[in-house]
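K.L.:
Mind having a look at this structure? Questions to follow.
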Amino acid sequence: MPMKRARSLLAAALTSGCLMIAAPVMADAKTDAVIGKLGLGCKNRVLDQFDVPNSDITVGLGATLQQDIDSGAMTAEDLKKQGASFNWEVSGKNASGYCNVDGAGNIIEFKQF
């Protein structure tokens, strides 16, 4: 199907309310690299506190921040300026919490539940 025809069909479906989609914008490699760098600060803090292998620690972006990145509202440059919030968990220890870092990966806040 020609691209022009596909666009017009999609526009018609969206306008009529027949089709509602919200495709997330995938984080680019630069954003992924910044997230990895910032998350490492949080993971290292968890490693300092618990005597477990690195593989037992899970660190992931906070849900709201993940949504902002997926929608394209937050970029790598924004993360470098504002920092990030991560949730962390240690398997086998019943330990979890969150960690806020600045744009350089320095811990601003660390909480355990």
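Chain labels follow the order of the structure tokens: the first chain is A, the next B, and so on; residue numbering restarts at 1 in every chain, and ligands are counted from 1 in their shown order.
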Would you list the contacts of Val34 in chain A as a list in words, taking every protein, DNA or RNA residue within 9 Å and counting only C-alpha atoms, but skipping same-chain residues closer than 2 positions in sequence?

P.N.:
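The residues satisfying every condition are Ala29, Lys30, Thr31, Asp32, Gly36, Lys37, Leu38, Gly39, Ala76, Glu77, Leu79, Lys80 and Gly103 of chain A.
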
K.L.:
Fewer than 5 positions away in the same chain doesn't count, so skip those; otherwise give me all residues within 12 Å of range 53-62 of chain A, counting only C-alpha atoms, as a ChimeraX atom specification.

P.N.:
/A:32,34-48,67-70,79,83-101

K.L.:
Kindly save the residues from that selection, with C-alpha atoms included, as a JSON list (two decimals), in the first residue's frame.

P.N.:
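Heads up, here's the output in selection09.json:
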[["chain", "number", "residue", "atom", "x", "y", "z"],
["A", 32, "ASP", "CA", 19.87, 4.45, 27.18],
["A", 34, "VAL", "CA", 22.61, 8.11, 30.24],
["A", 35, "ILE", "CA", 20.07, 5.91, 32.05],
["A", 36, "GLY", "CA", 22.73, 3.22, 32.45],
["A", 37, "LYS", "CA", 25.24, 5.68, 33.85],
["A", 38, "LEU", "CA", 22.76, 7.19, 36.30],
["A", 39, "GLY", "CA", 21.43, 3.77, 37.34],
["A", 40, "LEU", "CA", 24.94, 2.55, 38.08],
["A", 41, "GLY", "CA", 25.22, 5.10, 40.90],
["A", 42, "CYS", "CA", 22.10, 3.68, 42.48],
["A", 43, "LYS", "CA", 23.19, 0.07, 41.97],
["A", 44, "ASN", "CA", 26.58, 0.76, 43.54],
["A", 45, "ARG", "CA", 24.88, 2.25, 46.59],
["A", 46, "VAL", "CA", 22.79, -0.92, 46.98],
["A", 47, "LEU", "CA", 25.94, -3.03, 46.59],
["A", 48, "ASP", "CA", 27.60, -1.03, 49.38],
["A", 67, "GLN", "CA", 6.52, 6.99, 30.84],
["A", 68, "ASP", "CA", 8.10, 10.39, 30.16],
["A", 69, "ILE", "CA", 10.99, 8.76, 28.31],
["A", 70, "ASP", "CA", 8.68, 6.45, 26.35],
["A", 79, "LEU", "CA", 18.23, 13.45, 32.34],
["A", 83, "GLY", "CA", 18.82, 13.39, 37.17],
["A", 84, "ALA", "CA", 16.58, 10.35, 37.58],
["A", 85, "SER", "CA", 14.65, 8.21, 40.01],
["A", 86, "PHE", "CA", 15.16, 4.45, 40.21],
["A", 87, "ASN", "CA", 13.45, 1.62, 42.05],
["A", 88, "TRP", "CA", 15.74, -1.09, 43.39],
["A", 89, "GLU", "CA", 15.30, -4.58, 44.80],
["A", 90, "VAL", "CA", 17.60, -7.22, 46.23],
["A", 91, "SER", "CA", 16.40, -10.75, 45.59],
["A", 92, "GLY", "CA", 16.62, -13.13, 48.52],
["A", 93, "LYS", "CA", 16.87, -10.29, 51.05],
["A", 94, "ASN", "CA", 13.30, -8.94, 50.98],
["A", 95, "ALA", "CA", 14.83, -5.50, 50.50],
["A", 96, "SER", "CA", 13.65, -2.79, 48.13],
["A", 97, "GLY", "CA", 13.39, 0.95, 47.85],
["A", 98, "TYR", "CA", 14.14, 3.86, 45.62],
["A", 99, "CYS", "CA", 17.09, 6.02, 44.78],
["A", 100, "ASN", "CA", 17.23, 9.53, 43.32],
["A", 101, "VAL", "CA", 20.39, 10.65, 41.55]]

K.L.:
Figure out the distance between CA of Gln82 in chain A and CA of Asp102 in chain A, please, to one decimal in Å.

P.N.:
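Spanning CA of Asp102 in chain A to CA of Gln82 in chain A is a straight-line distance of 6.3 Å.
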
K.L.:
Using only C-alpha atoms, can you tell me which of A:Ser71, A:Asp28, A:Gln49, A:Gln66 comes closest to Phe110 in chain A?

P.N.:
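Ranking A:Ser71, A:Asp28, A:Gln49, A:Gln66 by distance to Phe110 in chain A, first place goes to A:Gln49.
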
K.L.:
Got a sec to tell me which of range 23-95 of chain A DSSP assigns to helix (DSSP H, G or I), as a VMD selection string?

P.N.:
chain A and resid 29 to 49 54 to 56 63 to 71 76 to 82

K.L.:
How far is it from CA of Val52 in chain A to CA of Leu65 in chain A, in Å with one decimal?

P.N.:
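Separation of CA of Val52 in chain A and CA of Leu65 in chain A: 27.3 Å.
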